file model20.txt (compact mmCIF, C-alpha atoms)
# COMPACT_ATOMS: atom_id res chain seq x y z
CA MET U 1 0.00 0.00 0.00
CA LYS U 2 1.31 3.44 -0.98
CA ARG U 3 1.18 6.05 1.79
CA TYR U 4 1.06 9.83 1.47
CA ALA U 5 0.60 12.81 3.76
CA TYR U 6 -2.71 14.33 2.64
CA TYR U 7 -2.96 18.10 2.88
CA LEU U 8 -6.39 19.26 4.02
CA SER U 9 -7.12 22.33 1.92
CA CYS U 10 -9.45 25.00 3.29
CA ILE U 11 -12.03 24.74 0.52
CA ASN U 12 -12.38 20.96 0.92
CA GLU U 13 -12.90 21.46 4.64
CA SER U 14 -15.68 23.98 4.01
CA MET U 15 -17.33 24.22 0.58
CA THR U 16 -16.35 21.02 -1.25
CA LYS U 17 -16.47 18.36 1.47
CA GLU U 18 -17.69 15.81 -1.06
CA LEU U 19 -14.24 15.77 -2.68
CA ASP U 20 -12.48 14.36 0.38
CA LYS U 21 -15.49 12.17 1.15
CA SER U 22 -15.04 10.51 -2.24
CA ILE U 23 -11.34 9.93 -1.66
CA ASP U 24 -12.08 8.36 1.72
CA LEU U 25 -14.37 5.86 0.00
CA TRP U 26 -12.05 4.56 -2.71
CA GLN U 27 -8.48 5.05 -1.51
CA LYS U 28 -8.23 1.51 -0.16
CA ASP U 29 -9.57 0.13 -3.46
CA LEU U 30 -6.43 1.50 -5.12
CA ASP U 31 -4.15 0.45 -2.26
CA ILE U 32 -3.57 4.04 -1.16
CA ASP U 33 -3.37 5.34 2.40
CA PHE U 34 -3.76 9.11 2.70
CA VAL U 35 -2.63 10.18 6.16
CA LYS U 36 -4.44 13.44 6.85
CA LEU U 37 -2.31 16.33 8.10
CA HIS U 38 -4.75 17.64 10.70
CA GLU U 39 -2.08 19.99 12.12
CA SER U 40 -1.46 21.71 8.79
CA THR U 41 -2.48 25.31 8.17
CA CYS U 42 -3.88 27.32 5.26
CA CYS U 43 -1.34 27.66 2.45
CA GLY U 44 -2.26 31.30 1.91
CA GLY U 45 -3.65 30.73 -1.56
CA SER U 46 -2.22 33.04 -4.16
CA ASN U 47 -2.20 36.02 -1.79
CA LEU U 48 0.12 35.50 1.18
CA ASP U 49 3.34 35.62 -0.84
CA TYR U 50 2.52 39.19 -1.89
CA VAL U 51 1.60 40.30 1.62
CA SER U 52 4.41 38.65 3.58
CA PRO U 53 6.96 36.47 1.74
CA LYS U 54 8.52 35.29 5.02
CA HIS U 55 5.20 34.12 6.46
CA PHE U 56 4.46 32.47 3.11
CA ALA U 57 7.67 30.46 3.38
CA LEU U 58 7.11 29.73 7.06
CA VAL U 59 3.56 28.35 6.94
CA ASN U 60 4.23 26.23 3.88
CA GLY U 61 7.63 25.12 5.09
CA ARG U 62 5.78 23.95 8.19
CA ASN U 63 3.17 22.11 6.10
CA ILE U 64 5.91 20.27 4.23
CA ALA U 65 7.84 19.62 7.45
CA LEU U 66 4.77 17.84 8.86
CA ALA U 67 4.86 15.47 5.88
CA GLU U 68 8.63 15.05 6.22
CA LYS U 69 8.21 14.13 9.89
CA LEU U 70 6.12 11.19 8.67
CA GLY U 71 8.62 10.39 5.93
CA LEU U 72 5.94 10.88 3.27
CA ASP U 73 5.34 13.00 0.20
CA LEU U 74 2.69 15.71 0.59
CA VAL U 75 -0.35 15.29 -1.67
CA THR U 76 -3.10 17.83 -2.27
CA SER U 77 -6.30 17.72 -4.33
CA CYS U 78 -6.41 21.50 -4.82
CA ASN U 79 -4.59 23.12 -7.73
CA THR U 80 -3.98 26.39 -5.92
CA CYS U 81 -2.62 24.63 -2.84
CA LEU U 82 -0.36 22.66 -5.18
CA LEU U 83 1.10 25.74 -6.84
CA THR U 84 1.37 27.66 -3.57
CA ILE U 85 3.15 24.96 -1.58
CA ARG U 86 5.44 24.00 -4.49
CA SER U 87 6.33 27.69 -4.93
CA ALA U 88 7.29 27.92 -1.25
CA LYS U 89 9.30 24.71 -1.52
CA GLN U 90 11.23 26.07 -4.48
CA LYS U 91 12.12 29.24 -2.56
CA LEU U 92 13.17 27.28 0.52
CA ASP U 93 15.27 24.85 -1.53
CA GLU U 94 17.04 27.71 -3.30
CA SER U 95 17.83 29.83 -0.23
CA GLU U 96 19.87 28.52 2.68
CA ALA U 97 19.30 31.76 4.58
CA LEU U 98 15.51 31.44 4.24
CA ARG U 99 15.64 27.77 5.32
CA ASP U 100 17.67 28.68 8.39
CA GLU U 101 15.25 31.43 9.33
CA VAL U 102 12.20 29.19 8.88
CA ASN U 103 13.80 26.29 10.72
CA GLY U 104 14.73 28.57 13.59
CA ILE U 105 11.01 29.10 14.16
CA LEU U 106 9.92 25.53 13.37
CA LYS U 107 12.41 24.20 15.92
CA LYS U 108 10.09 25.45 18.68
CA GLU U 109 7.56 22.85 17.48
CA GLY U 110 10.09 20.10 17.03
CA LEU U 111 9.84 20.43 13.26
CA GLU U 112 12.45 20.95 10.57
CA TYR U 113 12.14 21.67 6.87
CA LYS U 114 14.64 19.46 5.04
CA GLY U 115 13.29 19.50 1.48
CA THR U 116 12.97 15.71 1.31
CA SER U 117 9.21 15.47 0.68
CA GLU U 118 7.81 16.10 -2.78
CA VAL U 119 4.64 18.17 -3.16
CA ARG U 120 2.26 16.47 -5.56
CA HIS U 121 -1.30 16.53 -6.87
CA LEU U 122 -3.77 13.69 -6.51
CA LEU U 123 -3.98 13.47 -10.31
CA TRP U 124 -0.22 12.92 -10.55
CA VAL U 125 -0.30 10.19 -7.92
CA LEU U 126 -3.05 8.33 -9.77
CA ASN U 127 -1.29 8.54 -13.11
CA GLU U 128 2.32 8.01 -12.03
CA ASP U 129 2.29 5.93 -8.84
CA ILE U 130 -0.85 3.82 -9.11
CA GLY U 131 -0.73 3.70 -12.89
CA LEU U 132 -3.44 3.85 -15.53
CA ASP U 133 -3.27 0.13 -16.28
CA THR U 134 -3.81 -0.73 -12.62
CA ILE U 135 -6.68 1.73 -12.33
CA ASN U 136 -8.28 0.36 -15.48
CA LYS U 137 -8.23 -3.16 -13.99
CA LYS U 138 -9.97 -1.89 -10.84
CA VAL U 139 -12.88 -0.31 -12.75
CA LYS U 140 -16.25 -1.87 -11.87
CA VAL U 141 -18.57 0.50 -13.72
CA PRO U 142 -16.80 1.73 -16.88
CA LEU U 143 -17.78 5.26 -17.89
CA THR U 144 -18.40 4.13 -21.46
CA ASN U 145 -21.76 5.91 -21.69
CA TYR U 146 -20.28 9.31 -20.86
CA LYS U 147 -18.65 11.97 -22.98
CA ILE U 148 -16.47 13.89 -20.53
CA ALA U 149 -14.94 17.35 -20.89
CA PRO U 150 -11.71 17.68 -18.86
CA PHE U 151 -11.08 21.09 -17.30
CA TYR U 152 -7.55 21.26 -15.89
CA GLY U 153 -7.44 24.72 -14.32
CA CYS U 154 -4.47 27.08 -14.33
CA HIS U 155 -2.60 26.11 -11.19
CA ILE U 156 -1.90 22.52 -12.13
CA LEU U 157 -0.39 23.66 -15.46
CA ARG U 158 1.18 27.09 -15.09
CA PRO U 159 3.91 28.15 -14.53
CA SER U 160 5.60 25.02 -15.84
CA SER U 161 8.86 26.09 -14.15
CA ILE U 162 7.22 25.21 -10.81
CA LEU U 163 4.75 22.52 -11.88
CA GLY U 164 6.43 20.90 -14.86
CA LYS U 165 4.22 17.86 -15.46
CA ASP U 166 1.78 18.53 -18.30
CA ASN U 167 2.39 20.62 -21.38
CA PRO U 168 0.36 23.75 -20.48
CA LEU U 169 -0.72 24.13 -24.10
CA GLU U 170 -1.68 20.48 -24.62
CA PRO U 171 -2.22 18.79 -21.24
CA SER U 172 -3.06 15.10 -21.33
CA SER U 173 -2.92 13.58 -17.82
CA LEU U 174 -6.60 14.08 -17.03
CA ASP U 175 -7.56 12.94 -20.55
CA LYS U 176 -5.64 9.70 -20.04
CA LEU U 177 -7.28 9.05 -16.68
CA ILE U 178 -10.74 9.55 -18.20
CA GLU U 179 -9.91 6.99 -20.87
CA ALA U 180 -8.55 4.53 -18.29
CA LEU U 181 -11.91 4.77 -16.52
CA GLY U 182 -13.70 3.97 -19.78
CA GLY U 183 -14.94 7.46 -20.57
CA LYS U 184 -14.77 9.27 -23.89
CA VAL U 185 -12.79 12.52 -23.82
CA VAL U 186 -14.47 15.51 -25.43
CA PRO U 187 -11.84 17.75 -27.06
CA TYR U 188 -12.45 21.46 -26.62
CA GLU U 189 -10.24 24.55 -26.56
CA HIS U 190 -11.05 25.74 -23.04
CA LYS U 191 -9.82 22.67 -21.18
CA ASN U 192 -6.56 24.42 -20.23
CA LYS U 193 -7.99 27.92 -19.70
CA CYS U 194 -8.68 29.87 -16.52
CA CYS U 195 -11.97 29.37 -14.65
CA GLY U 196 -11.93 32.92 -13.27
CA PHE U 197 -12.05 32.00 -9.57
CA HIS U 198 -9.25 34.28 -8.41
CA THR U 199 -10.87 37.39 -9.90
CA LEU U 200 -14.41 36.55 -8.82
CA LEU U 201 -14.58 38.97 -5.87
CA VAL U 202 -12.88 41.90 -7.59
CA ALA U 203 -13.99 41.51 -11.22
CA GLU U 204 -17.11 39.38 -11.25
CA GLU U 205 -18.17 40.18 -14.80
CA GLU U 206 -14.81 39.18 -16.25
CA SER U 207 -14.64 36.09 -14.04
CA LEU U 208 -18.08 34.82 -15.00
CA SER U 209 -17.35 35.54 -18.65
CA LEU U 210 -14.38 33.14 -18.50
CA ALA U 211 -16.51 30.50 -16.80
CA ALA U 212 -19.30 30.91 -19.34
CA GLU U 213 -16.89 30.44 -22.25
CA ALA U 214 -15.65 27.12 -20.86
CA LEU U 215 -19.12 25.93 -19.90
CA GLY U 216 -20.61 27.00 -23.21
CA GLU U 217 -18.00 25.20 -25.29
CA ALA U 218 -18.37 22.00 -23.25
CA ILE U 219 -22.14 22.17 -23.76
CA GLU U 220 -21.76 22.80 -27.50
CA SER U 221 -19.36 19.84 -27.67
CA GLN U 222 -22.19 17.67 -26.28
CA ALA U 223 -20.29 16.62 -23.18
CA ASP U 224 -22.33 14.84 -20.52
CA PHE U 225 -20.31 16.45 -17.77
CA ILE U 226 -17.14 18.40 -17.00
CA VAL U 227 -14.52 16.98 -14.64
CA THR U 228 -11.89 19.08 -12.89
CA PRO U 229 -9.00 18.28 -10.53
CA CYS U 230 -9.48 21.61 -8.71
CA PRO U 231 -12.16 22.46 -6.08
CA LEU U 232 -11.81 26.17 -6.85
CA CYS U 233 -12.58 25.55 -10.54
CA HIS U 234 -15.47 23.37 -9.42
CA THR U 235 -16.83 26.16 -7.24
CA VAL U 236 -16.99 28.59 -10.14
CA LEU U 237 -18.15 26.16 -12.81
CA ASP U 238 -20.82 24.58 -10.60
CA SER U 239 -21.91 27.08 -7.95
CA TYR U 240 -21.78 30.13 -10.24
CA GLN U 241 -22.85 28.30 -13.39
CA GLY U 242 -26.41 29.65 -13.43
CA LYS U 243 -25.22 33.23 -13.12
CA ALA U 244 -22.47 32.76 -15.70
CA LEU U 245 -24.69 31.12 -18.31
CA LYS U 246 -27.47 33.64 -17.81
CA ARG U 247 -25.09 36.50 -18.60
CA SER U 248 -24.10 34.76 -21.82
CA ASN U 249 -27.69 33.80 -22.68
CA ILE U 250 -26.91 30.07 -22.67
CA LYS U 251 -30.08 28.13 -21.90
CA ARG U 252 -28.67 24.68 -21.08
CA SER U 253 -26.62 23.57 -18.09
CA ILE U 254 -23.96 20.90 -17.51
CA PRO U 255 -22.92 18.97 -14.37
CA VAL U 256 -19.38 19.47 -13.07
CA PHE U 257 -17.69 16.62 -11.18
CA HIS U 258 -14.61 16.52 -8.99
CA LEU U 259 -11.81 14.25 -10.16
CA SER U 260 -12.31 12.11 -7.05
CA GLU U 261 -16.02 11.67 -7.80
CA MET U 262 -15.35 10.52 -11.36
CA VAL U 263 -12.89 7.92 -10.05
CA GLY U 264 -15.43 6.86 -7.43
CA LEU U 265 -18.18 6.34 -10.01
CA ALA U 266 -15.94 4.07 -12.10
CA LEU U 267 -14.95 2.10 -8.98
CA GLY U 268 -18.60 1.32 -8.30
CA TYR U 269 -19.72 3.92 -5.77
CA THR U 270 -23.09 5.64 -6.15
CA SER U 271 -23.64 9.35 -6.66
CA ARG U 272 -25.24 9.49 -3.22
CA GLN U 273 -22.22 7.87 -1.57
CA LEU U 274 -19.90 10.28 -3.40
CA GLY U 275 -21.83 13.37 -2.34
CA ILE U 276 -22.71 14.48 -5.86
CA LYS U 277 -26.10 15.59 -4.53
CA ARG U 278 -24.25 18.47 -2.83
CA HIS U 279 -23.59 20.06 -6.21
CA ILE U 280 -25.69 22.95 -7.47
CA VAL U 281 -26.01 21.46 -10.98
CA THR U 282 -26.75 17.70 -11.03
call {"tool": "encode", "arguments": {"input": "model20.txt", "output": "structure tokens"}}
result
Amino acid sequence: MKRYAYYLSCINESMTKELDKSIDLWQKDLDIDFVKLHESTCCGGSNLDYVSPKHFALVNGRNIALAEKLGLDLVTSCNTCLLTIRSAKQKLDESEALRDEVNGILKKEGLEYKGTSEVRHLLWVLNEDIGLDTINKKVKVPLTNYKIAPFYGCHILRPSSILGKDNPLEPSSLDKLIEALGGKVVPYEHKNKCCGFHTLLVAEEESLSLAAEALGEAIESQADFIVTPCPLCHTVLDSYQGKALKRSNIKRSIPVFHLSEMVGLALGYTSRQLGIKRHIVT
């Protein structure tokens, strides 16, 4: 069984609880053990680094140090947490002075940032560690009746200097997972575009316009649902879908699933078990 330190992101703990609920259901089916880091703290999203770079390095150095104390890689299911924590790791790895300063504070808790734990996304773990062939063999209810539009989200793709897995212009990891689960991938241009989440509170019109473009193209492509590896993308594309589509005069709607829910469906769990009923659009 493969073990990982699982980072509890703020949005999963509040708005998208069904994401972690789904993972809890099927992790043992794939011989995974996610050890939840209950002592971890908010990563600061995409804001803390601009307000206080030292606190940004400290809180995320601490999050990684908690995983290192267990001797495990840190895994998150949130794109923004992924980018944020990997950004902090890069800065800590590149600066001995910053590491020393952070570790001087962490020492009070009996923690030390060493840089030994990798920071990874759930999608990467499924594709690289578990493997698509293994996942395909575990499928109980193939998604053969579904045409699925993958929506990657920005912070699992860009900047590639920090993330470095998929080609930001032509990402394929989520496509390959959909196919391993038996689904048919719907090609569309907006799969690697921005959902608009991070401008929602300051530029709502522009944010919802981005969401509407992605939703509209997926609908026009006759997808049965959209799947995303990011709870922030899910929040915009699902919770704000009605408002976004109304502004663009699009009459139809489309369900949006979390990555973990799509995996759960293929492994034989029901929509009720996976918490899909919590979504705004079902």
call {"tool": "closest_residue", "arguments": {"input": "model20.txt", "among": "U:Ile32, U:Cys194, U:Ala180, U:Val125", "to": "Leu210 of chain U", "atoms": "all atoms listed in the file"}}
result
U:Cys194
call {"tool": "closest_residue", "arguments": {"input": "model20.txt", "among": "U:Leu106, U:Leu181, U:Ala67, U:Ile85", "to": "Ile135 of chain U", "atoms": "only C-alpha atoms"}}
result
U:Leu181
call {"tool": "residues_around", "arguments": {"input": "model20.txt", "residues": "Tyr7 of chain U", "least_positions_apart": "5", "cutoff": "9 Å", "atoms": "all atoms listed in the file", "output": "PyMOL selection string"}}
result
chain U and resi 35-38+40-41+63+67+74-77+81
call {"tool": "closest_residue", "arguments": {"input": "model20.txt", "among": "U:Arg3, U:Arg86, U:Lys17, U:Lys176", "to": "Gly71 of chain U", "atoms": "all atoms listed in the file"}}
result
U:Arg3
call {"tool": "atom_distance", "arguments": {"input": "model20.txt", "atom1": "atom CA of Leu274 of chain U", "atom2": "atom CA of Cys154 of chain U"}}
result
25.3 Å
call {"tool": "residues_around", "arguments": {"input": "model20.txt", "residues": "Asn47 of chain U", "least_positions_apart": "2", "cutoff": "12 Å", "atoms": "only C-alpha atoms", "output": "PyMOL selection string"}}
result
chain U and resi 42-45+49-53+55-56+80-81+83-84+198-199
call {"tool": "closest_residue", "arguments": {"input": "model20.txt", "among": "U:Glu128, U:Asp224, U:Asp20, U:Glu13", "to": "Gly264 of chain U", "atoms": "all atoms listed in the file"}}
result
U:Asp20
call {"tool": "residues_around", "arguments": {"input": "model20.txt", "residues": "Lys251 of chain U", "least_positions_apart": "3", "cutoff": "10 Å", "atoms": "only C-alpha atoms", "output": "PyMOL selection string"}}
result
chain U and resi 216+242+245-246+248
call {"tool": "closest_residue", "arguments": {"input": "model20.txt", "among": "U:Leu92, U:Leu82, U:Ile11, U:Val263", "to": "Ala57 of chain U", "atoms": "all atoms listed in the file"}}
result
U:Leu92
call {"tool": "residues_near_point", "arguments": {"input": "model20.txt", "point": "(-15.8, 31.8, -15.3)", "cutoff": "10 Å", "atoms": "all atoms listed in the file", "output": "number ranges by chain"}}
result
U: 193-200, 204-215, 233, 235-238, 240-241, 243-245
call {"tool": "atom_distance", "arguments": {"input": "model20.txt", "atom1": "atom CA of Leu111 of chain U", "atom2": "atom CA of Ala5 of chain U"}}
result
15.3 Å
call {"tool": "atom_distance", "arguments": {"input": "model20.txt", "atom1": "atom CA of Asp93 of chain U", "atom2": "atom CA of Asp73 of chain U"}}
result
15.6 Å
call {"tool": "closest_residue", "arguments": {"input": "model20.txt", "among": "U:Asp31, U:Cys10, U:Ser22, U:Ser253", "to": "Arg272 of chain U", "atoms": "all atoms listed in the file"}}
result
U:Ser22
call {"tool": "residues_near_point", "arguments": {"input": "model20.txt", "point": "(-10.4, 13.3, -12.4)", "cutoff": "8 Å", "atoms": "all atoms listed in the file", "output": "JSON, numbers by chain"}}
result
{"U": [123, 150, 174, 177, 178, 227, 228, 229, 258, 259, 260, 261, 262, 263]}
